[in-house]
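What follows is a short report on a single structure.
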Amino acid sequence: MIDKISGTVVAHRGDELIVAVGDIDVVVLAAGVVAQPGARVSLCIDWVWNAETGPQLYAFNSPAERSLFGLIRNCQGIGAKGALALIATCG
């Protein structure tokens, strides 16, 4: 399981953030994270399995945001992307 990643932002495309962690570029979904290419970031991660797309990493600024994501995601009818959108609009 991945708890946190730290690295340099390579690109920010919509909800996707690409972070260089050593020699690996990691793609995370991070609607509430604001970071420009070249910036150093340290992000809390939640790993979610999607039956259609497989594993996806969701990134948050704090452990509290990640916990809130988990609570919202457990509500009936709200998936991971919906929970991420709610957190992004509230932040």
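The chains in the structure tokens are called A, B, ... from first to last as shown; in each chain the residues are counted from 1, and the ligands are counted from 1 in the order shown.
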
Those of chain A in DSSP alpha helix (DSSP H), formatted as a list of chain:residue names: A:Pro63, A:Ala64, A:Glu65, A:Arg66, A:Ser67, A:Leu68, A:Phe69, A:Gly70, A:Leu71, A:Ile72, A:Arg73, A:Ala80, A:Lys81, A:Gly82, A:Ala83, A:Leu84, A:Ala85, A:Leu86, A:Ile87, A:Ala88, A:Thr89, A:Cys90

Could the residues in this selection be written to a file with C-alpha atoms, as a PDB file, in the first residue's frame?
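Heads up, here's the output in selection.pdb:
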ATOM      1  CA  PRO A  63      -4.364  13.120   6.084  1.00  0.00           C
ATOM      2  CA  ALA A  64      -7.618  14.874   7.057  1.00  0.00           C
ATOM      3  CA  GLU A  65      -8.583  15.347   3.385  1.00  0.00           C
ATOM      4  CA  ARG A  66      -7.780  11.693   2.722  1.00  0.00           C
ATOM      5  CA  SER A  67      -9.977  10.601   5.650  1.00  0.00           C
ATOM      6  CA  LEU A  68     -12.827  12.799   4.427  1.00  0.00           C
ATOM      7  CA  PHE A  69     -12.450  11.228   0.962  1.00  0.00           C
ATOM      8  CA  GLY A  70     -12.859   7.776   2.512  1.00  0.00           C
ATOM      9  CA  LEU A  71     -15.980   8.817   4.430  1.00  0.00           C
ATOM     10  CA  ILE A  72     -17.629  10.395   1.368  1.00  0.00           C
ATOM     11  CA  ARG A  73     -16.679   7.475  -0.863  1.00  0.00           C
ATOM     12  CA  ALA A  80     -14.200   7.919  -5.862  1.00  0.00           C
ATOM     13  CA  LYS A  81     -14.313  10.601  -8.579  1.00  0.00           C
ATOM     14  CA  GLY A  82     -17.474  12.108  -7.087  1.00  0.00           C
ATOM     15  CA  ALA A  83     -15.870  12.191  -3.634  1.00  0.00           C
ATOM     16  CA  LEU A  84     -12.759  13.840  -5.076  1.00  0.00           C
ATOM     17  CA  ALA A  85     -14.892  16.476  -6.821  1.00  0.00           C
ATOM     18  CA  LEU A  86     -16.748  17.255  -3.580  1.00  0.00           C
ATOM     19  CA  ILE A  87     -13.490  17.715  -1.680  1.00  0.00           C
ATOM     20  CA  ALA A  88     -12.087  19.948  -4.433  1.00  0.00           C
ATOM     21  CA  THR A  89     -15.129  22.260  -4.367  1.00  0.00           C
ATOM     22  CA  CYS A  90     -15.095  22.521  -0.559  1.00  0.00           C
TER      23      CYS A  90
END

Picked from chain A by DSSP as strand (DSSP E or B), as a ChimeraX atom specification: /A:4-13,16-21,24-29,40-50,54-60

From A:Ile2, A:Val10, A:Leu57, A:Cys75, residue lying nearest Ala30 (chain A) [only C-alpha atoms]: A:Leu57

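Minimum distance to Val26 (chain A) across A:Val41, A:Ile5, A:Val48, A:Ile78 (counting only C-alpha atoms) occurs at A:Ile5.
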
Length of the CA of Val34 (chain A) to CA of Asp3 (chain A) vector [Å]: 19.4 Å

Near-region 15-25 of chain A list (12 Å; only C-alpha atoms; drop same-chain fewer than 2 positions) as a ChimeraX atom specification: /A:4-13,27-43,56-60,81,84-85,88
